[in-house]
Amino acid sequence: MLLFVILFLLFPLNLYSLDLTVKTSYEGTPLPRTKVKIWHKTAMINSDKPDYNFTADENGIAKIALNSGEYYIFSEKNVDNERFFGFYGQNPLSLKKNSEITINLVKYPMKPLITKKENSISGIVTHKGKSLSNVNVFAYLDLTSDMKGPAYLSSVTDENGRFVLELDKGSYYLVFRKKREDFFGLPSPGDYVGVFPIFPLEVKDTGYELYVSLLKIPEKMKKNLQDKSYVIKGKVLNKNEKPVKGVYVVLYEDYTLLGKPDYVSHLTDQTGSFTLYVKKAGSYFVVVRKSLGDTPQLGEDVSSLAEITVGDETIEKEFVIKTNN
């Protein structure tokens, strides 16, 4: 026993069994010496207090050893008066095997927010210095929904890229999405996405004016995004087997349908078709909804209720949901 203790102290066991390679870049060029910040998946994380803090090498690559699990991963670098910030697009990462991911950073001013007297959060949303209109701005109270799906409060930028969120006192995570179709579902090439680099943002007796910079998802990322999810394709038809356009297909793990949904599709098209990308295998309750918000109530805006199992052996599944109207 004493010999084991001595050997352990001299040669400690490796507590981390999986290798994660993080590649960081800015506009397609490796960004050297970036900080890679990692948190265990939990309801609340703080941008200033990561669980793990690593530094990429001169080629923008960080090689990290971690236990299997789920992690939020962000990256940043401060250079002179400029701040670079990025996040893993599929946060949280489910690490089950040796993996390699890429984080594309965007450029922010060194101080991306200023304090103002009004008890609200406002600002301008940009891409490469140009303002973006029709960007959906979401404020989440915590990370229980992984910053996906319906938020606590939302807004949309105007023609000048400006937005306003009238928020009560509290802590908020801000997410920005401009999609070519609808703001739910997996990001697609051509979409603009972003997370404000200071989180959670504390609203107390004053508010903030923000400068926000978004990343445009390149076409080459399409296959990479889809390969990381189970694909569920299907159609929504009414009882006369006619396509139902303009409804959401929503998945819940909880049969009570309480809280935020786990996955939400784009609005169905004129053929009633939808696509869902599901990251986690398991059983889900499927609801077809005309609108999103409160807990669905059968007989009101819920047209159908079914159950589906997504298993490790099933990568793509297509099915038809028939509604009563």
# chains A, B, ... in the order shown; residues from 1 in each chain; ligands from 1
$ residues_around --residues "Val156 (chain A)" --least-positions-apart "3" --cutoff "6 Å" --atoms "only C-alpha atoms" --output "ChimeraX atom specification"
/A:134-137
$ select_by_dssp --residues "region 20-227 of chain A" --states "strand (DSSP E)" --output "JSON, numbers by chain"
{"A": [20, 21, 22, 23, 24, 25, 26, 29, 30, 35, 36, 37, 38, 39, 40, 52, 53, 54, 55, 61, 62, 63, 64, 65, 66, 69, 70, 71, 72, 73, 74, 75, 76, 77, 78, 79, 82, 83, 84, 85, 86, 87, 93, 94, 95, 99, 100, 101, 102, 103, 104, 105, 106, 107, 108, 109, 113, 114, 115, 116, 121, 122, 123, 124, 125, 126, 127, 130, 131, 136, 137, 138, 139, 140, 153, 154, 155, 156, 162, 163, 164, 165, 170, 171, 172, 173, 174, 175, 176, 177, 178, 192, 193, 194, 195, 201, 202, 203, 207, 208, 209, 210, 211, 212, 213, 215, 216]}
$ closest_residue --among "A:Thr309, A:Ser155, A:Thr55, A:Ser133" --to "Lys280 (chain A)" --atoms "only C-alpha atoms"
A:Thr309
$ atom_distance --atom1 "CA of Glu27 (chain A)" --atom2 "CA of Leu105 (chain A)"
7.7 Å
$ atom_distance --atom1 "CA of Leu20 (chain A)" --atom2 "CA of Ile64 (chain A)"
5.0 Å
$ closest_residue --among "A:Val36, A:Val212, A:Glu159, A:Val286" --to "Met110 (chain A)" --atoms "only C-alpha atoms"
A:Val212
$ decode --residues "region 79-91 of chain A" --atoms "N, CA, C and O atoms" --output "short mmCIF file (atom, residue, chain, number, x, y, z; two decimals), in the first residue's frame"
data_model
loop_
_atom_site.label_atom_id
_atom_site.label_comp_id
_atom_site.auth_asym_id
_atom_site.auth_seq_id
_atom_site.Cartn_x
_atom_site.Cartn_y
_atom_site.Cartn_z
N VAL A 79 -5.64 42.11 -28.36
CA VAL A 79 -4.44 42.62 -29.04
C VAL A 79 -4.58 44.13 -29.17
O VAL A 79 -5.49 44.61 -29.86
N ASP A 80 -3.71 44.87 -28.51
CA ASP A 80 -3.77 46.33 -28.54
C ASP A 80 -5.16 46.79 -28.12
O ASP A 80 -5.59 46.52 -27.01
N ASN A 81 -5.88 47.48 -29.02
CA ASN A 81 -7.22 47.97 -28.70
C ASN A 81 -8.32 47.14 -29.33
O ASN A 81 -9.45 47.60 -29.49
N GLU A 82 -7.98 45.92 -29.70
CA GLU A 82 -8.96 45.05 -30.34
C GLU A 82 -9.17 43.79 -29.52
O GLU A 82 -8.24 43.30 -28.87
N ARG A 83 -10.38 43.31 -29.58
CA ARG A 83 -10.75 42.10 -28.85
C ARG A 83 -11.31 41.09 -29.84
O ARG A 83 -12.23 41.41 -30.61
N PHE A 84 -10.78 39.87 -29.84
CA PHE A 84 -11.30 38.80 -30.70
C PHE A 84 -12.08 37.83 -29.81
O PHE A 84 -11.64 37.49 -28.71
N PHE A 85 -13.21 37.38 -30.31
CA PHE A 85 -14.06 36.50 -29.51
C PHE A 85 -14.74 35.49 -30.42
O PHE A 85 -15.17 35.81 -31.54
N GLY A 86 -14.86 34.25 -29.94
CA GLY A 86 -15.54 33.22 -30.70
C GLY A 86 -16.07 32.13 -29.79
O GLY A 86 -15.70 32.04 -28.61
N PHE A 87 -16.92 31.28 -30.33
CA PHE A 87 -17.51 30.19 -29.55
C PHE A 87 -17.70 28.98 -30.45
O PHE A 87 -17.85 29.12 -31.67
N TYR A 88 -17.70 27.82 -29.85
CA TYR A 88 -17.97 26.60 -30.60
C TYR A 88 -19.43 26.60 -31.02
O TYR A 88 -20.33 26.75 -30.19
N GLY A 89 -19.67 26.44 -32.31
CA GLY A 89 -21.01 26.61 -32.87
C GLY A 89 -22.03 25.61 -32.42
O GLY A 89 -23.23 25.84 -32.55
N GLN A 90 -21.58 24.47 -31.86
CA GLN A 90 -22.51 23.45 -31.41
C GLN A 90 -22.52 23.34 -29.88
O GLN A 90 -22.84 22.29 -29.32
N ASN A 91 -22.16 24.44 -29.20
CA ASN A 91 -22.20 24.43 -27.73
C ASN A 91 -23.54 23.93 -27.21
O ASN A 91 -24.59 24.32 -27.74
#
